[in-house]
Each structure stands twice: as structure tokens, then as C-alpha cells.
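input-v3.cif, holding mmCIF, C-alpha atoms and all ligand atoms:
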data_coords
#
loop_
_atom_site.label_atom_id
_atom_site.label_comp_id
_atom_site.auth_asym_id
_atom_site.auth_seq_id
_atom_site.Cartn_x
_atom_site.Cartn_y
_atom_site.Cartn_z
CA MET A 9 20.65 17.22 -13.12
CA GLU A 10 18.36 20.03 -12.03
CA THR A 11 16.85 19.90 -8.57
CA PHE A 12 13.43 21.13 -7.54
CA SER A 13 14.95 24.33 -6.17
CA ASP A 14 16.61 25.05 -9.53
CA GLN A 15 13.15 25.46 -10.97
CA ILE A 16 12.26 28.42 -8.76
CA PRO A 17 11.54 31.35 -11.06
CA HIS A 18 14.20 34.02 -11.24
CA PRO A 19 13.69 36.71 -8.54
CA ASP A 20 13.12 39.35 -11.25
CA SER A 21 10.36 37.35 -12.92
CA PRO A 22 6.96 39.07 -12.83
CA ILE A 23 5.29 36.01 -11.32
CA GLU A 24 3.82 36.64 -7.87
CA LYS A 25 5.59 34.46 -5.32
CA GLN A 26 5.27 33.61 -1.65
CA LYS A 27 7.75 31.90 0.56
CA TRP A 28 6.51 28.46 1.57
CA PHE A 29 8.52 26.14 3.79
CA SER A 30 12.30 25.96 3.99
CA ASP A 31 13.69 27.38 0.71
CA GLU A 32 10.55 26.58 -1.23
CA PHE A 33 8.27 29.05 -2.98
CA LEU A 34 4.70 29.12 -4.17
CA CYS A 35 3.87 30.90 -7.42
CA ARG A 36 0.54 32.37 -8.37
CA PHE A 37 -0.92 31.00 -11.57
CA ARG A 38 -4.50 31.71 -12.68
CA GLY A 39 -5.42 32.63 -9.12
CA PHE A 40 -3.90 29.55 -7.47
CA TRP A 41 -0.71 29.02 -5.50
CA ILE A 42 1.41 26.36 -7.18
CA TRP A 43 4.61 24.96 -5.72
CA SER A 44 7.31 26.59 -7.86
CA PRO A 45 8.78 23.42 -9.43
CA TYR A 46 5.33 22.52 -10.71
CA LEU A 47 4.61 25.86 -12.32
CA GLU A 48 6.11 25.10 -15.74
CA PRO A 49 4.77 21.51 -15.81
CA THR A 50 1.33 22.86 -14.89
CA LYS A 51 1.45 25.31 -17.80
CA LYS A 52 2.61 22.52 -20.09
CA VAL A 53 -0.24 20.26 -18.98
CA VAL A 54 -2.72 23.00 -19.80
CA GLU A 55 -1.14 23.64 -23.20
CA ASP A 56 -0.15 20.17 -24.35
CA PHE A 57 -1.82 17.36 -22.44
CA LYS A 58 -4.36 15.49 -24.55
CA PRO A 59 -6.25 13.02 -22.39
CA LEU A 60 -7.37 9.83 -24.09
CA PRO A 61 -10.99 8.74 -23.66
CA SER A 62 -9.70 5.66 -21.80
CA ASP A 63 -7.65 7.68 -19.28
CA VAL A 64 -8.55 7.73 -15.60
CA ILE A 65 -7.47 10.94 -13.87
CA LEU A 66 -7.21 11.05 -10.09
CA ALA A 67 -7.73 14.65 -9.00
CA SER A 68 -7.04 15.76 -5.45
CA PHE A 69 -5.77 18.49 -3.24
CA PRO A 70 -2.53 17.44 -1.52
CA LYS A 71 -2.92 15.41 1.68
CA THR A 72 -6.50 14.35 1.05
CA GLY A 73 -5.97 10.64 0.27
CA THR A 74 -4.13 10.69 -3.07
CA THR A 75 -1.77 7.84 -2.18
CA TRP A 76 -4.64 5.69 -0.91
CA LEU A 77 -6.73 6.27 -4.04
CA LYS A 78 -3.74 5.54 -6.25
CA ALA A 79 -3.37 2.14 -4.60
CA LEU A 80 -7.12 1.48 -4.84
CA LEU A 81 -7.44 2.53 -8.49
CA TYR A 82 -4.45 0.44 -9.44
CA SER A 83 -5.78 -2.59 -7.57
CA ILE A 84 -9.27 -2.29 -9.04
CA ILE A 85 -8.23 -1.69 -12.64
CA PHE A 86 -5.39 -4.21 -12.82
CA ARG A 87 -6.89 -6.82 -10.49
CA SER A 88 -6.94 -9.55 -13.11
CA SER A 89 -3.68 -8.78 -14.82
CA LYS A 90 -0.03 -9.49 -14.15
CA GLU A 91 0.46 -5.88 -12.99
CA LYS A 92 -1.42 -6.83 -9.81
CA SER A 93 1.81 -7.96 -8.17
CA LEU A 94 3.31 -4.50 -8.62
CA LEU A 95 1.23 -3.22 -5.72
CA PHE A 96 4.35 -3.68 -3.61
CA ASN A 97 5.77 -0.58 -5.29
CA HIS A 98 5.06 2.85 -3.89
CA PRO A 99 1.63 4.02 -5.16
CA HIS A 100 3.16 7.23 -6.52
CA GLU A 101 5.43 5.14 -8.71
CA LEU A 102 2.59 2.96 -9.92
CA ILE A 103 0.52 5.99 -10.83
CA PRO A 104 2.53 9.06 -11.74
CA SER A 105 1.24 12.52 -11.13
CA LEU A 106 0.91 14.38 -14.37
CA GLU A 107 2.88 17.40 -13.24
CA THR A 108 5.56 15.41 -11.35
CA LYS A 109 6.08 13.16 -14.35
CA LEU A 110 6.50 16.17 -16.59
CA TYR A 111 8.88 17.73 -14.11
CA LEU A 112 11.05 14.63 -13.85
CA GLU A 113 11.08 13.92 -17.56
CA GLU A 114 11.80 17.50 -18.50
CA SER A 115 14.72 17.66 -16.07
CA ASN A 116 16.02 14.45 -17.64
CA GLY A 117 15.60 15.92 -21.11
CA LYS A 118 12.81 13.51 -22.05
CA ASN A 119 9.37 14.17 -23.41
CA LEU A 120 6.17 13.13 -21.74
CA GLU A 121 6.05 9.35 -22.04
CA PHE A 122 3.64 6.87 -20.63
CA THR A 123 3.69 3.18 -20.07
CA ASP A 124 1.72 1.15 -22.56
CA HIS A 125 -0.94 0.07 -20.08
CA LYS A 126 -4.33 -0.27 -21.71
CA VAL A 127 -5.62 2.23 -19.21
CA ARG A 128 -3.49 5.17 -18.22
CA ILE A 129 -4.08 6.27 -14.65
CA LEU A 130 -2.65 9.66 -13.80
CA GLY A 131 -2.85 11.81 -10.70
CA THR A 132 -2.98 15.57 -10.57
CA HIS A 133 -3.18 18.30 -7.93
CA ILE A 134 -4.01 20.93 -10.55
CA PRO A 135 -7.29 22.66 -9.58
CA TYR A 136 -10.39 22.19 -11.71
CA GLN A 137 -10.41 25.87 -12.65
CA ILE A 138 -7.08 25.33 -14.42
CA ILE A 139 -7.31 21.78 -15.78
CA GLY A 140 -11.09 21.46 -16.23
CA ASP A 141 -11.17 22.39 -19.94
CA VAL A 142 -8.33 19.98 -20.73
CA LEU A 143 -10.11 17.10 -19.01
CA ASN A 144 -13.45 17.99 -20.55
CA SER A 145 -11.91 17.83 -24.03
CA SER A 146 -12.07 14.03 -23.91
CA ASP A 147 -14.31 11.33 -22.45
CA CYS A 148 -11.69 10.44 -19.82
CA LYS A 149 -13.01 9.59 -16.37
CA ILE A 150 -12.16 11.59 -13.28
CA VAL A 151 -11.97 10.35 -9.72
CA TYR A 152 -11.88 13.09 -7.13
CA VAL A 153 -11.05 12.56 -3.47
CA THR A 154 -11.31 15.17 -0.78
CA ARG A 155 -10.88 15.26 2.99
CA ASN A 156 -11.82 17.35 5.95
CA PRO A 157 -9.52 20.38 5.51
CA LYS A 158 -8.68 20.31 9.21
CA ASP A 159 -7.19 16.83 8.82
CA SER A 160 -5.45 17.89 5.62
CA LEU A 161 -4.04 20.73 7.65
CA ALA A 162 -2.80 18.39 10.35
CA SER A 163 -1.19 16.50 7.47
CA LEU A 164 0.07 19.62 5.72
CA TRP A 165 0.42 22.08 8.55
CA HIS A 166 0.77 25.10 6.33
CA PHE A 167 -2.77 24.72 4.96
CA VAL A 168 -4.35 27.33 7.23
CA GLN A 169 -2.29 30.22 5.93
CA LYS A 170 -3.15 29.32 2.36
CA ALA A 171 -6.74 28.30 2.99
CA LYS A 172 -8.11 31.79 2.57
CA LYS A 173 -6.73 31.79 -0.94
CA PHE A 174 -8.58 28.69 -2.03
CA GLU A 175 -11.46 29.06 -4.40
CA GLU A 176 -14.67 27.07 -4.45
CA ASP A 177 -14.51 23.40 -5.16
CA PRO A 178 -15.99 22.77 -8.61
CA TRP A 179 -15.02 19.08 -8.67
CA THR A 180 -17.85 18.46 -6.21
CA GLU A 181 -20.38 20.25 -8.37
CA GLU A 182 -19.13 18.51 -11.52
CA SER A 183 -19.63 15.11 -9.89
CA LEU A 184 -23.27 16.01 -9.23
CA LYS A 185 -23.84 17.35 -12.74
CA ARG A 186 -22.00 14.55 -14.55
CA PRO A 187 -21.73 11.50 -12.29
CA TRP A 188 -20.68 9.30 -15.24
CA LYS A 189 -17.57 11.49 -15.71
CA VAL A 190 -16.56 12.61 -12.21
CA PHE A 191 -16.53 10.20 -9.28
CA PHE A 192 -16.53 11.90 -5.91
CA VAL A 193 -15.45 10.31 -2.65
CA THR A 194 -14.12 11.58 0.64
CA PHE A 195 -11.34 10.23 2.79
CA GLU A 196 -13.84 9.88 5.63
CA GLU A 197 -16.30 7.84 3.51
CA LEU A 198 -13.51 5.49 2.53
CA LYS A 199 -12.51 5.08 6.16
CA GLU A 200 -16.09 4.39 7.21
CA ASP A 201 -17.03 1.87 4.56
CA GLY A 202 -14.19 1.05 2.20
CA LYS A 203 -15.97 -1.92 0.61
CA LYS A 204 -19.00 0.11 -0.41
CA HIS A 205 -16.91 2.77 -2.14
CA VAL A 206 -14.52 0.33 -3.79
CA LYS A 207 -17.58 -1.34 -5.39
CA ARG A 208 -18.96 2.05 -6.48
CA LEU A 209 -15.57 3.00 -7.90
CA ALA A 210 -15.26 -0.24 -9.89
CA GLU A 211 -18.73 0.31 -11.36
CA PHE A 212 -17.86 3.88 -12.28
CA LEU A 213 -14.66 2.67 -13.97
CA GLY A 214 -16.65 0.16 -16.00
CA CYS A 215 -15.09 -2.90 -14.33
CA PRO A 216 -17.60 -3.98 -11.65
CA PHE A 217 -16.84 -6.93 -9.42
CA GLU A 218 -18.53 -10.08 -10.65
CA GLY A 219 -18.74 -13.75 -9.87
CA GLU A 220 -19.35 -15.75 -6.74
CA ASN A 221 -16.26 -14.49 -4.95
CA LYS A 222 -16.85 -10.82 -5.62
CA GLU A 223 -17.14 -9.96 -1.92
CA GLU A 224 -13.77 -11.62 -1.27
CA GLN A 225 -12.20 -9.68 -4.17
CA VAL A 226 -13.45 -6.40 -2.74
CA GLU A 227 -12.31 -7.28 0.77
CA GLU A 228 -8.86 -8.20 -0.52
CA ILE A 229 -8.47 -4.87 -2.29
CA VAL A 230 -9.62 -2.91 0.75
CA LYS A 231 -7.16 -4.81 2.94
CA ASN A 232 -4.25 -4.60 0.48
CA CYS A 233 -4.71 -0.84 0.17
CA SER A 234 -5.28 -0.13 3.87
CA PHE A 235 -2.95 2.21 5.70
CA GLU A 236 -1.67 -0.68 7.80
CA THR A 237 -0.78 -2.84 4.78
CA LEU A 238 0.67 -0.12 2.56
CA SER A 239 2.68 1.58 5.28
CA ASN A 240 4.27 -1.76 6.19
CA HIS A 241 5.62 -2.54 2.73
CA GLU A 242 9.41 -2.32 2.91
CA ILE A 243 9.58 0.35 0.23
CA ASN A 244 6.97 2.52 1.92
CA LYS A 245 8.86 2.36 5.23
CA SER A 246 11.95 3.76 3.57
CA SER A 247 13.07 7.23 4.51
CA GLU A 248 15.59 7.20 1.69
CA MET A 249 14.99 9.91 -0.82
CA PRO A 250 14.38 8.30 -4.19
CA GLU A 251 16.56 9.63 -6.99
CA CYS A 252 15.24 12.93 -8.45
CA PHE A 253 12.31 13.03 -6.06
CA PRO A 254 12.69 15.15 -2.94
CA LEU A 255 10.25 13.31 -0.68
CA PRO A 256 11.04 10.16 1.26
CA TYR A 257 8.62 7.32 0.55
CA ASN A 258 7.48 7.11 4.17
CA SER A 259 6.41 10.78 4.14
CA PHE A 260 3.17 9.69 2.43
CA PHE A 261 2.20 7.56 5.45
CA ARG A 262 1.81 9.27 8.82
CA ASN A 263 -1.20 7.75 10.63
CA GLY A 264 -4.12 8.01 8.18
CA GLN A 265 -6.72 8.87 10.83
CA VAL A 266 -9.92 10.89 10.74
CA GLY A 267 -10.09 13.73 13.27
CA ASP A 268 -6.39 13.82 14.12
CA TYR A 269 -6.60 17.59 13.76
CA ASN A 270 -8.06 17.70 17.29
CA ASN A 271 -4.58 16.89 18.55
CA TYR A 272 -3.03 19.83 16.73
CA LEU A 273 -5.47 22.70 16.25
CA LYS A 274 -6.67 25.17 18.85
CA PRO A 275 -10.44 25.82 19.02
CA GLU A 276 -9.98 29.26 17.35
CA MET A 277 -8.20 27.65 14.42
CA ILE A 278 -10.93 25.01 14.08
CA HIS A 279 -13.55 27.75 14.14
CA GLN A 280 -11.67 29.77 11.52
CA ILE A 281 -11.23 26.85 9.13
CA ASP A 282 -14.87 25.79 9.59
CA ALA A 283 -15.98 29.30 8.63
CA ILE A 284 -13.84 29.26 5.48
CA THR A 285 -15.00 25.77 4.59
CA ARG A 286 -18.67 26.69 5.01
CA GLN A 287 -18.22 29.70 2.77
CA LYS A 288 -16.24 27.88 0.07
CA PHE A 289 -18.38 24.75 -0.10
CA HIS A 290 -21.71 26.51 0.28
CA ALA A 291 -22.36 26.85 -3.47
CA SER A 292 -21.90 23.14 -4.11
CA GLY A 293 -24.24 22.17 -1.28
CA PHE A 294 -21.47 20.10 0.24
CA ALA A 295 -20.99 20.82 3.92
CA TYR A 296 -17.74 19.36 5.09
CA GLY A 297 -18.27 17.46 8.30
CA ILE A 298 -19.21 20.55 10.23
N1 LIG B 1 -4.03 3.57 2.71
C1 LIG B 1 -4.25 4.68 3.43
N2 LIG B 1 -5.31 4.75 4.25
C2 LIG B 1 -5.55 5.86 4.98
N3 LIG B 1 -4.77 6.98 4.94
C3 LIG B 1 -3.70 6.93 4.13
C4 LIG B 1 -3.38 5.81 3.34
N4 LIG B 1 -2.26 6.10 2.63
C5 LIG B 1 -1.88 7.33 2.99
N5 LIG B 1 -2.74 7.85 3.89
C6 LIG B 1 -2.72 9.16 4.53
O1 LIG B 1 -3.05 10.15 3.55
C7 LIG B 1 -2.34 11.36 3.86
C8 LIG B 1 -1.43 11.74 2.71
O2 LIG B 1 -2.28 12.31 1.73
P1 LIG B 1 -1.96 12.21 0.18
O3 LIG B 1 -1.68 10.82 -0.19
O4 LIG B 1 -3.08 12.92 -0.52
O5 LIG B 1 -0.61 13.07 0.08
S1 LIG B 1 0.02 13.63 -1.28
O6 LIG B 1 -0.87 14.69 -1.78
O7 LIG B 1 0.13 12.52 -2.22
O8 LIG B 1 1.33 14.18 -0.88
C9 LIG B 1 -1.55 11.09 5.12
O9 LIG B 1 -2.44 11.46 6.17
P2 LIG B 1 -1.98 11.80 7.65
O10 LIG B 1 -1.63 10.49 8.26
O11 LIG B 1 -3.18 12.42 8.30
O12 LIG B 1 -0.82 12.74 7.55
C10 LIG B 1 -1.35 9.59 5.03
O13 LIG B 1 -1.04 8.99 6.26
#
Can the structure in the file be given as C-alpha cells, please?
Amino acid sequence: METFSDQIPHPDSPIEKQKWFSDEFLCRFRGFWIWSPYLEPTKKVVEDFKPLPSDVILASFPKTGTTWLKALLYSIIFRSSKEKSLLFNHPHELIPSLETKLYLEESNGKNLEFTDHKVRILGTHIPYQIIGDVLNSSDCKIVYVTRNPKDSLASLWHFVQKAKKFEEDPWTEESLKRPWKVFFVTFEELKEDGKKHVKRLAEFLGCPFEGENKEEQVEEIVKNCSFETLSNHEINKSSEMPECFPLPYNSFFRNGQVGDYNNYLKPEMIHQIDAITRQKFHASGFAYGI
């Protein structure tokens, strides 16, 4: 079976590459740096993926709250069905990422296949500039989570070197233009008032909480998807590398705090990232916690 490293483009290939961590490379595609194993799946998503109107797509930059939102979306959408009990699985197994799924299935010689859930929930880290047209070709709903880049950096330490290469953040603007299609939430908002945003999210998804015990239902979901609960599930504590997937399950749970960057970044770095963030988010009118 192929490994992630086998997918690195041949050194003679014309694709612009940059060394990332360890033996890993980033490849430039349509102006963005994509982790090399995801390059081909990303191209395939752009060419072949046909979202259904009933699909829910979770869009995010890495380390912004993807795992948390996967657990929340799953819990909200399947709260009344038998799938509810599956929450004890790792959120990335419950909700595959589009490009990871393609990668794994391609390396196993399979085609893109999905479970027969009524609602398909899929994650993606592909930027709006690349995947926007595909997602706009159907009435699928999009949930977008973002996070203070300084905390994402503390989570993904390499962020600062790549940050200058990021483009503006059109997901934010899209959520303002078409709030029925793109739901926007930040990691910090979820931390501050999880119940409020879980209710908003359920309404956006067309499955609002109802009945006398609706507050209890919301509270249960917030608690079941909290960092403390998820990170204590046996499977999520495991540092075993799952077959075909190069990341241990527990690598998605570090401490889940807001402002942890203060323990890692020097004032000059904070200043530098704030300046980039101000510039990049300026057009959308979204000032990130500065
Ligand atoms: N339930 C819950 N609540 C709060 N925080 C959580 C939760 N689940 C994961 N995390 C924290 O999210 C960070 C990982 O981000 P992602 O899930 O986007 O990573 S990935 O893109 O899927 O690799 C990473 O943040 P840091 O702790 O700052 O590294 C995780 O700890």
C-alpha cells in the first residue's frame, strides 16, 4: 500500500514545492500551499466532486476547531437517530475529510464512496478560492470555523512561515452575503458560549431544537463534544497510528484553549502575525481578536 510520502511529486515535476516538516513537502496549487499527499485528491475534488443539495460541508483551515465542529455537527444532525451512539468514535472517522477520503480510497484502489446517511457531512481544508465554485454548484450548506491565527500557530507551529502566503478569507465574506448557505463561527465564540452557537447551528442546518427539554438537549451536546469529554474517550487517547493514516488519534487533542499562544510566541511574532491578520481580514470587515 502507498504511504503519504509515496505521493510526493517526482523531484523533476514542474510543481513548485517547499519543504515542510520532517520529510514532508508542500506543493503550490492555484496560489495555495497544499500538503503533497493532498495535491492529487484536491485536484480530483475540483474536477469530479458533485455536492448534493443535502450535503453539509465543514470548511476550515487546519488547527482551527475542525475536530470539535465535526463532533458537534454529527451530534446535532444525528441526535435522534441510532448513529448517535457512534460519537465514541474519533470525529475524523465519523466525518471524513473530502481530500483524506479520496487519498485513502485511491491508495486502496477504490473510488470515492460515501455511507448512505441521509445527510452527508464532509470536511475539507481546501481554500474557498479553489473549492468555492464546486460548492456553489449545488444548494449544499457550508459551515466554516476559524480561530485566532496565533492559537492556530501554537497548535501548528509552522503557521508563521506560511502565513505570509495566505490569501484573504472569502468564507467570512460569503457568510455575510449568503447566511443561509455559509454558517460562520469562531473557535473563541464556541468556547465563550457553546450553547448559543449550537442552537444557531441547528437552525442553520434546518433541524432546530424543539420541545420542552430543548435546553437539556443542547447542554448534552455541548458537554458530549467538549474537549474534556472527547479527549477522554479511549479511542481519542490512543497514540497508536490508525492503519493508512499517519496521525495518532490523540494528536487532535492538545489542550483546546484560547490564548495559549502567549505561552509560545515572542512579542515580535505576535506583532507580526497581527499585522498580517489585519491586512488579510481587512476586506471582509472581520478583525480577528486584535
Ligand atoms: N472539543 C474540543 N474543544 C476545544 N478544542 C478542541 C476540541 N477538540 C479539539 N480541539 C482543539 O482543536 C485543535 C485542533 O484543531 P483541528 O481539529 O482543526 O485540527 S485538524 O485540522 O483537524 O488537524 C487543537 O488545539 P490546541 O489544543 O490548541 O492544539 C485541539 O486541542
**Message:** From the options A:Ile23, A:Leu143, A:Leu164, A:Met277, which residue's atoms come nearest to Trp41 (chain A), counting all atoms listed in the file?
**Reply:**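 The shortest atom-to-atom distance to Trp41 (chain A) comes from A:Ile23.
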May I have the centre and edge lengths, in Å to one decimal, of an axis-aligned box around the listed atoms of ligand LIG 1 (chain B) with 8 Å added to every side, as JSON?
{"center_x": -2.1, "center_y": 9.1, "center_z": 3.0, "size_x": 22.9, "size_y": 27.1, "size_z": 26.5}
**Item:** Given 8 Å and only C-alpha atoms and all ligand atoms, residues near ligand LIG 1 (chain B) as a PyMOL selection string
**Value:** chain A and resi 68-77+79+100+133+159-160+162-164+195+199+233-239+259-266+268
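Here the question is which of A:Lys52, A:Tyr152, A:Leu81, A:Leu95 gets nearest to Glu182 (chain A) using all atoms listed in the file, and that residue is A:Tyr152.
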**Message:** Excluding Phe192 (chain A) and its own-chain neighbours fewer than 6 positions away, which residues fall within 10 Å of it when counting all atoms listed in the file? Please give them as a PyMOL selection string.
**Reply:** chain A and resi 67+150-154+179-184+205+209
Just-selected residues, C-alpha atoms written as a compact mmCIF listing (two decimals), in the frame of the given file:
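Writing done, so here's again-v9.txt:
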# COMPACT_ATOMS: atom_id res chain seq x y z
CA ALA A 67 -7.73 14.65 -9.00
CA ILE A 150 -12.16 11.59 -13.28
CA VAL A 151 -11.97 10.35 -9.72
CA TYR A 152 -11.88 13.09 -7.13
CA VAL A 153 -11.05 12.56 -3.47
CA THR A 154 -11.31 15.17 -0.78
CA TRP A 179 -15.02 19.08 -8.67
CA THR A 180 -17.85 18.46 -6.21
CA GLU A 181 -20.38 20.25 -8.37
CA GLU A 182 -19.13 18.51 -11.52
CA SER A 183 -19.63 15.11 -9.89
CA LEU A 184 -23.27 16.01 -9.23
CA HIS A 205 -16.91 2.77 -2.14
CA LEU A 209 -15.57 3.00 -7.90
**Request:** Go ahead and compute the interatomic distance for CA of Lys203 (chain A) and CA of Val64 (chain A), in Å to one decimal.
**Result:** 20.3 Å
**Asked** Between A:Pro157, A:Ile84, A:Glu101, A:Arg286, which has the minimum distance to Arg208 (chain A) (counting all atoms listed in the file)?
**Response**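 Looking only at the distances to Arg208 (chain A), the closest residue turns out to be A:Ile84.
CA of Pro49 (chain A) sits 7.6 Å away from CA of Thr108 (chain A).
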**Item:** Within-10 Å shell of (-2.9, 5.7, -11.4) in input frame, all atoms listed in the file, as a PyMOL selection string
**Value:** chain A and resi 63-66+74-75+77-83+85+99-106+127-132
